[in-house]
Amino acid sequence: MSTLPERILGGEEGEYVVAEVHRVMLHDGNAPLIFDDMEDEDIWDPDRVTSVVDHFCPPSTVERAGFVKRLREFVKDKGISDHVEFQGICHQLMCEGRSLPGEIVAGIDSHSTTYGALGAFGVGFGASDTVEILKTGKTWFKVPETIRVDILKGSSGTDIALAMLREIEYRGNYRSLEFNDEAGLDMDARLTICNMAAETGAKAALFPPDECTSEYLSEFGIKQHRSYTTSDPERCVDVISISVDDPLAAVPHKPYNVKTVSSIEGKTIDQVFIGSCASGRISDLRDAVEVLKGRKVHPDIRLLITPASNRILNEALKEDLIRPLIKAGAVILNPSCGPCPGIDKGLLAEGERCITTQNRNYPGRMGPGEVFIANSKVCAQSAIDGVISLPGGVDET
Amino acid sequence: MKRRARVFGHDITLDEIHPGTYFSLDPDRVVKGLMEGVEPGFHETVEKDDIIVAGRNFGMGSGRESGTWAMKFAGIDCVIVESFSRYMFRNCINNGIWPIEVEGILEMVEEGDMLEIDPDKGLLVLESGEEVSFKRFPHWMVNIIKSSTL
C-alpha cells in the first residue's frame, strides 16, 4: 500500500518526480529575490498565486519600503489579484480559505509546512525554485519517506511540537511527517505543530483530513473537500509516540534542545513575545488572557503580542481579549512576522533573553540575545514574574 | 578544480550563514552577512576559490536564498558537508554551487587545506593526496548547476 507523499506527488518513494502545484505563496521577505528573474516572464496562472506583505510590515528602512513597493508593482504587472498587505502572517492567511486537503501548496518560505494542518502538502522553496514554479506551475520532488507521529496526549500545540522536536530532532530532513491525532486536538494546535515541524527539516507535515478539518474549512465557506486515508504504517520509516504531561521549553540555540519548563524556572528574561506564524492564534491569546487578566507585566519586562491575522485580531476584539492584555501592560503589535525573524521590530540587545511562542531560537534569530520557546501560558506567566515561570494551576489543565 | 577549505562545524543554521539583518538586494551588503553568525568578519577573509566545508545539517532552518547568494557573490562554487538541509541543497543547485555530501568530512579536512574536486567523476582529493569518492549528480541536476554558474 502506498504512502501519502507517493499518492499526492505521484511516484514511488525515493523517485524524482515532476508534480504540478495547486497554489503558490509569495511574501515580501523573499519575493525581492525573484523580481529580476521574473522580469520578462509570464506567470503560468496568476489566479493561483497569493502575495503577502508580512515581513517588512510596515517597512522600517527605505530599502525595505522599496521591496514592498516593487512587490506591489510586480503583482499588478503579472496580474496577481490576491495581494494581501499588512493583514496577517502569510502562513495564517494561507490557512484562511486558501489551502485545501490533498493540494500541493508551494510557499517561498520554510514554514509552508503549516498548511499540512489542513491536509495540504504544504512545502517550502527558495527563490530560484519559486521562479520555475511561477513560470511552469511545476517542480521536481524527491518523493520523501514518511515518519508517523502518534499524538496520544496533550492539548497545547507548542508543547506537542516541542515534544515532537525532542524526539525527531532534525531527522525529518528530506522526509514527510504524518500525524495520527488520538488526543482530539483543535485546529490551532495542529497549525502550530505543522508549523514547527519545519524545524525537523521536514518537506511536509500532514494531518489527514477529518471532522476537525471539515469544521474549520466550513468557517471559510468550504463545504466539500478531498479526503484521503493514512499511509500504510508498515511503509513508515519510523513511528513516534508523543504524550505531553508538563509544559516544555526549547533552550538556546536549537528548537530541539528541549527541557521541562520546571527545570529552567527562575531564569531571568528581558522580553516576552507571543506571536509569529507558530502561534498568535485565538487559543494562544485566550491562554495569555487567562494568565494575565487583572495582573501586571513585570516592570523589567516588555511583553509583545502579535495576533497572527486581522481576522484573529477581530475575533479577539469581539471576545474582549485585547483590553485585558493592554491593561496588564502588553504591547499589541500589528499582525505580522514581528520580532521573530530579526528583521523588523523587537530585536534583542547583546546579552538579553526572550521567552516566546515562536518556532526558532537559532543564534542570531532575534538579534544577538538568547531565545527560549514555550507555550503562551508559560510566556504570559514569565512576563508577570520577570523570570521563566510556570503558570499557577497548571496541574489542573 | 582546486579549492581552499574554510571549515565549520555541525548544525550550522541559515540564520548563522546569513543573519536576517543582512537581507538585501545589494551584493556588497549581502556578501557582508556571509557566515556572520558563526564567524564575524568572514567576508573579509574569504577569497575566490575558497569553499565551505561543514558537518551535518548544513543550512538548517530558514530557506532564505540570500544565504546562497552571499556564497555565490563571494565566489564560492562548491560546498562539501556531511549533509544538507533540503533548502540549502536545492538553492545551491540553482545557484551553480556544487552541493557535495561526504560522510565524515570534518575528520578529513582542516582549515586552509587545499582540495581537488571533480564533480563529474565524483572524486575529492585531500591535501594528503588521499582520494575520497562521493555520489555523482544525475545529469539533469548537473545541467541546472552548470547553467546557473555566474
# chains A, B, ... in the order shown; residues from 1 in each chain; ligands from 1
>>> closest_atom_pairs(of="segment 117-137 of chain A", to="segment 86-95 of chain B", cutoff="12 Å", atoms="only C-alpha atoms", output="CSV")
residue,atom,partner,partner_atom,distance
A:Val123,CA,B:Tyr87,CA,10.6
A:Gly124,CA,B:Tyr87,CA,8.0
A:Phe125,CA,B:Tyr87,CA,6.6
A:Gly126,CA,B:Asn91,CA,6.2
A:Ala127,CA,B:Asn91,CA,7.9
A:Ser128,CA,B:Asn94,CA,6.2
A:Asp129,CA,B:Asn94,CA,7.4
A:Thr130,CA,B:Asn91,CA,10.5
A:Val131,CA,B:Asn94,CA,10.5
A:Glu132,CA,B:Asn94,CA,10.2
>>> interface_residues(of="chain A", to="chain B", cutoff="8 Å", atoms="only C-alpha atoms", output="MDAnalysis selection string")
chainID A and resid 30 32:33 63 108:110 124:129 170 173:174 198:199 201 203 341:343 360 362:365
>>> residues_around(residues="Gly351 of chain A", least_positions_apart="4", cutoff="10 Å", atoms="only C-alpha atoms", output="list in words")
Asp270, Gly367, Pro368, Gly369 and Glu370 of chain A
>>> closest_residue(among="A:Pro255, A:Gly10, A:Gly294, A:Gly329", to="Gln358 of chain A", atoms="only C-alpha atoms")
A:Pro255
>>> select_by_dssp(residues="segment 82-330 of chain A", states="alpha helix (DSSP H)", output="ChimeraX atom specification")
/A:90-94,127-136,157-168,187-196,211-218,282-292,310-318,322-328
>>> residues_around(residues="Asp232 of chain A", least_positions_apart="5", cutoff="7 Å", atoms="only C-alpha atoms", output="list in words")
Met1, Ser2 and Thr3 of chain A
>>> write_last_selection(atoms="N, CA and C atoms", output="PDB file, in the first residue's frame")
ATOM      1  N   MET A   1       0.847  -1.210   0.000  1.00  0.00           N
ATOM      2  CA  MET A   1       0.000   0.000   0.000  1.00  0.00           C
ATOM      3  C   MET A   1       0.874   1.250   0.000  1.00  0.00           C
ATOM      4  N   SER A   2       0.369   2.278  -0.582  1.00  0.00           N
ATOM      5  CA  SER A   2       1.208   3.460  -0.797  1.00  0.00           C
ATOM      6  C   SER A   2       1.268   4.382   0.420  1.00  0.00           C
ATOM      7  N   THR A   3       2.238   5.288   0.383  1.00  0.00           N
ATOM      8  CA  THR A   3       2.319   6.332   1.410  1.00  0.00           C
ATOM      9  C   THR A   3       1.610   7.578   0.875  1.00  0.00           C
TER      10      THR A   3
END
>>> atom_distance(atom1="atom CA of Phe207 of chain A", atom2="atom CA of Leu4 of chain A")
10.6 Å
>>> residues_around(residues="His298 of chain A", least_positions_apart="4", cutoff="6 Å", atoms="only C-alpha atoms", output="compact mmCIF listing (two decimals) with N, CA and C atoms, in the first residue's frame")
# COMPACT_ATOMS: atom_id res chain seq x y z
N ILE A 384 4.82 38.18 33.84
CA ILE A 384 4.39 38.73 35.14
C ILE A 384 5.53 38.64 36.16
N ASP A 385 6.19 37.48 36.17
CA ASP A 385 7.20 37.23 37.21
C ASP A 385 8.58 37.79 36.88
N GLY A 386 8.82 38.10 35.61
CA GLY A 386 10.13 38.64 35.23
C GLY A 386 11.21 37.57 35.10
>>> atom_distance(atom1="atom CA of Val21 of chain A", atom2="atom CA of Lys135 of chain A")
11.6 Å
>>> select_by_dssp(residues="chain B", states="strand (DSSP E)", output="PyMOL selection string")
chain B and resi 2-7+50-54+78-81+98-101+114-118+123-125+131-133
>>> write_last_selection(atoms="C-alpha atoms", output="PDB file, in the first residue's frame")
ATOM      1  CA  LYS B   2      41.443  23.208  -6.765  1.00  0.00           C
ATOM      2  CA  ARG B   3      39.949  24.974  -3.777  1.00  0.00           C
ATOM      3  CA  ARG B   4      40.917  26.095  -0.252  1.00  0.00           C
ATOM      4  CA  ALA B   5      38.775  24.709   2.591  1.00  0.00           C
ATOM      5  CA  ARG B   6      37.125  27.005   5.093  1.00  0.00           C
ATOM      6  CA  VAL B   7      35.887  24.711   7.819  1.00  0.00           C
ATOM      7  CA  ASP B  50      37.603  29.214  -1.167  1.00  0.00           C
ATOM      8  CA  ILE B  51      34.924  26.637  -0.461  1.00  0.00           C
ATOM      9  CA  ILE B  52      32.925  25.854   2.637  1.00  0.00           C
ATOM     10  CA  VAL B  53      33.356  22.543   4.439  1.00  0.00           C
ATOM     11  CA  ALA B  54      30.986  21.690   7.287  1.00  0.00           C
ATOM     12  CA  CYS B  78      31.282  24.304  -4.010  1.00  0.00           C
ATOM     13  CA  VAL B  79      30.195  23.268  -0.515  1.00  0.00           C
ATOM     14  CA  ILE B  80      31.263  19.925   0.969  1.00  0.00           C
ATOM     15  CA  VAL B  81      29.352  18.783   4.050  1.00  0.00           C
ATOM     16  CA  TRP B  98      28.146  22.064  -6.192  1.00  0.00           C
ATOM     17  CA  PRO B  99      26.427  20.644  -3.061  1.00  0.00           C
ATOM     18  CA  ILE B 100      28.637  17.671  -2.232  1.00  0.00           C
ATOM     19  CA  GLU B 101      27.928  15.276   0.628  1.00  0.00           C
ATOM     20  CA  MET B 114      43.841  22.614  -0.464  1.00  0.00           C
ATOM     21  CA  LEU B 115      41.323  20.202  -2.032  1.00  0.00           C
ATOM     22  CA  GLU B 116      40.990  18.949  -5.573  1.00  0.00           C
ATOM     23  CA  ILE B 117      37.350  18.387  -6.535  1.00  0.00           C
ATOM     24  CA  ASP B 118      35.999  16.699  -9.645  1.00  0.00           C
ATOM     25  CA  LEU B 123      36.179  12.440  -6.752  1.00  0.00           C
ATOM     26  CA  LEU B 124      37.721  14.502  -3.967  1.00  0.00           C
ATOM     27  CA  VAL B 125      41.494  14.576  -3.401  1.00  0.00           C
ATOM     28  CA  GLU B 131      41.231  10.104  -2.642  1.00  0.00           C
ATOM     29  CA  VAL B 132      37.628  10.100  -1.454  1.00  0.00           C
ATOM     30  CA  SER B 133      34.702   9.367  -3.745  1.00  0.00           C
TER      31      SER B 133
END
>>> decode(residues="segment 5-28 of chain B", atoms="N, CA, C and O atoms", output="PDB file, in the first residue's frame")
ATOM      1  N   ALA B   5      39.886  25.027   1.677  1.00  0.00           N
ATOM      2  CA  ALA B   5      38.775  24.709   2.591  1.00  0.00           C
ATOM      3  C   ALA B   5      38.658  25.728   3.713  1.00  0.00           C
ATOM      4  O   ALA B   5      39.655  26.072   4.353  1.00  0.00           O
ATOM      5  N   ARG B   6      37.439  26.190   3.920  1.00  0.00           N
ATOM      6  CA  ARG B   6      37.125  27.005   5.093  1.00  0.00           C
ATOM      7  C   ARG B   6      36.155  26.155   5.916  1.00  0.00           C
ATOM      8  O   ARG B   6      35.053  25.848   5.464  1.00  0.00           O
ATOM      9  N   VAL B   7      36.577  25.789   7.111  1.00  0.00           N
ATOM     10  CA  VAL B   7      35.887  24.711   7.819  1.00  0.00           C
ATOM     11  C   VAL B   7      34.973  25.218   8.944  1.00  0.00           C
ATOM     12  O   VAL B   7      35.370  26.083   9.745  1.00  0.00           O
ATOM     13  N   PHE B   8      33.763  24.679   8.990  1.00  0.00           N
ATOM     14  CA  PHE B   8      32.784  24.984  10.036  1.00  0.00           C
ATOM     15  C   PHE B   8      32.275  23.676  10.640  1.00  0.00           C
ATOM     16  O   PHE B   8      32.575  22.603  10.113  1.00  0.00           O
ATOM     17  N   GLY B   9      31.467  23.783  11.707  1.00  0.00           N
ATOM     18  CA  GLY B   9      31.057  22.581  12.442  1.00  0.00           C
ATOM     19  C   GLY B   9      29.733  21.984  11.969  1.00  0.00           C
ATOM     20  O   GLY B   9      29.304  22.180  10.829  1.00  0.00           O
ATOM     21  N   HIS B  10      29.078  21.280  12.860  1.00  0.00           N
ATOM     22  CA  HIS B  10      27.779  20.663  12.581  1.00  0.00           C
ATOM     23  C   HIS B  10      26.653  21.682  12.807  1.00  0.00           C
ATOM     24  O   HIS B  10      26.822  22.669  13.523  1.00  0.00           O
ATOM     25  N   ASP B  11      25.486  21.383  12.232  1.00  0.00           N
ATOM     26  CA  ASP B  11      24.244  22.119  12.531  1.00  0.00           C
ATOM     27  C   ASP B  11      24.368  23.638  12.343  1.00  0.00           C
ATOM     28  O   ASP B  11      23.885  24.408  13.157  1.00  0.00           O
ATOM     29  N   ILE B  12      25.069  24.045  11.306  1.00  0.00           N
ATOM     30  CA  ILE B  12      25.156  25.492  11.029  1.00  0.00           C
ATOM     31  C   ILE B  12      23.845  25.918  10.361  1.00  0.00           C
ATOM     32  O   ILE B  12      23.484  25.413   9.301  1.00  0.00           O
ATOM     33  N   THR B  13      23.130  26.839  11.015  1.00  0.00           N
ATOM     34  CA  THR B  13      21.799  27.226  10.526  1.00  0.00           C
ATOM     35  C   THR B  13      21.916  28.349   9.496  1.00  0.00           C
ATOM     36  O   THR B  13      22.912  29.075   9.454  1.00  0.00           O
ATOM     37  N   LEU B  14      20.845  28.491   8.705  1.00  0.00           N
ATOM     38  CA  LEU B  14      20.826  29.578   7.726  1.00  0.00           C
ATOM     39  C   LEU B  14      20.873  30.933   8.431  1.00  0.00           C
ATOM     40  O   LEU B  14      21.475  31.874   7.925  1.00  0.00           O
ATOM     41  N   ASP B  15      20.284  31.015   9.628  1.00  0.00           N
ATOM     42  CA  ASP B  15      20.323  32.279  10.368  1.00  0.00           C
ATOM     43  C   ASP B  15      21.761  32.653  10.757  1.00  0.00           C
ATOM     44  O   ASP B  15      22.059  33.821  10.986  1.00  0.00           O
ATOM     45  N   GLU B  16      22.651  31.650  10.852  1.00  0.00           N
ATOM     46  CA  GLU B  16      24.072  31.926  11.113  1.00  0.00           C
ATOM     47  C   GLU B  16      24.833  32.166   9.812  1.00  0.00           C
ATOM     48  O   GLU B  16      25.705  33.018   9.731  1.00  0.00           O
ATOM     49  N   ILE B  17      24.475  31.396   8.791  1.00  0.00           N
ATOM     50  CA  ILE B  17      25.130  31.551   7.481  1.00  0.00           C
ATOM     51  C   ILE B  17      24.841  32.944   6.933  1.00  0.00           C
ATOM     52  O   ILE B  17      25.697  33.585   6.339  1.00  0.00           O
ATOM     53  N   HIS B  18      23.629  33.410   7.191  1.00  0.00           N
ATOM     54  CA  HIS B  18      23.264  34.750   6.707  1.00  0.00           C
ATOM     55  C   HIS B  18      22.171  35.349   7.581  1.00  0.00           C
ATOM     56  O   HIS B  18      20.977  35.187   7.294  1.00  0.00           O
ATOM     57  N   PRO B  19      22.558  36.060   8.665  1.00  0.00           N
ATOM     58  CA  PRO B  19      21.548  36.654   9.557  1.00  0.00           C
ATOM     59  C   PRO B  19      20.561  37.551   8.791  1.00  0.00           C
ATOM     60  O   PRO B  19      20.952  38.234   7.838  1.00  0.00           O
ATOM     61  N   GLY B  20      19.296  37.497   9.212  1.00  0.00           N
ATOM     62  CA  GLY B  20      18.229  38.214   8.517  1.00  0.00           C
ATOM     63  C   GLY B  20      18.493  39.703   8.321  1.00  0.00           C
ATOM     64  O   GLY B  20      18.016  40.304   7.366  1.00  0.00           O
ATOM     65  N   THR B  21      19.283  40.293   9.217  1.00  0.00           N
ATOM     66  CA  THR B  21      19.549  41.737   9.114  1.00  0.00           C
ATOM     67  C   THR B  21      20.336  42.077   7.843  1.00  0.00           C
ATOM     68  O   THR B  21      20.366  43.234   7.437  1.00  0.00           O
ATOM     69  N   TYR B  22      20.980  41.083   7.225  1.00  0.00           N
ATOM     70  CA  TYR B  22      21.751  41.351   6.002  1.00  0.00           C
ATOM     71  C   TYR B  22      20.939  41.107   4.744  1.00  0.00           C
ATOM     72  O   TYR B  22      21.475  41.143   3.642  1.00  0.00           O
ATOM     73  N   PHE B  23      19.634  40.842   4.897  1.00  0.00           N
ATOM     74  CA  PHE B  23      18.790  40.633   3.713  1.00  0.00           C
ATOM     75  C   PHE B  23      18.770  41.917   2.895  1.00  0.00           C
ATOM     76  O   PHE B  23      18.416  42.979   3.390  1.00  0.00           O
ATOM     77  N   SER B  24      19.171  41.823   1.647  1.00  0.00           N
ATOM     78  CA  SER B  24      19.263  42.999   0.783  1.00  0.00           C
ATOM     79  C   SER B  24      19.389  42.527  -0.655  1.00  0.00           C
ATOM     80  O   SER B  24      19.629  41.340  -0.909  1.00  0.00           O
ATOM     81  N   LEU B  25      19.236  43.437  -1.604  1.00  0.00           N
ATOM     82  CA  LEU B  25      19.498  43.093  -2.998  1.00  0.00           C
ATOM     83  C   LEU B  25      20.833  43.678  -3.452  1.00  0.00           C
ATOM     84  O   LEU B  25      21.231  43.529  -4.603  1.00  0.00           O
ATOM     85  N   ASP B  26      21.497  44.369  -2.540  1.00  0.00           N
ATOM     86  CA  ASP B  26      22.778  44.989  -2.854  1.00  0.00           C
ATOM     87  C   ASP B  26      23.892  43.951  -2.595  1.00  0.00           C
ATOM     88  O   ASP B  26      24.121  43.567  -1.448  1.00  0.00           O
ATOM     89  N   PRO B  27      24.554  43.457  -3.652  1.00  0.00           N
ATOM     90  CA  PRO B  27      25.540  42.387  -3.471  1.00  0.00           C
ATOM     91  C   PRO B  27      26.587  42.700  -2.396  1.00  0.00           C
ATOM     92  O   PRO B  27      27.001  41.798  -1.669  1.00  0.00           O
ATOM     93  N   ASP B  28      27.010  43.944  -2.274  1.00  0.00           N
ATOM     94  CA  ASP B  28      28.017  44.301  -1.264  1.00  0.00           C
ATOM     95  C   ASP B  28      27.485  44.064   0.137  1.00  0.00           C
ATOM     96  O   ASP B  28      28.182  43.563   1.014  1.00  0.00           O
TER      97      ASP B  28
END
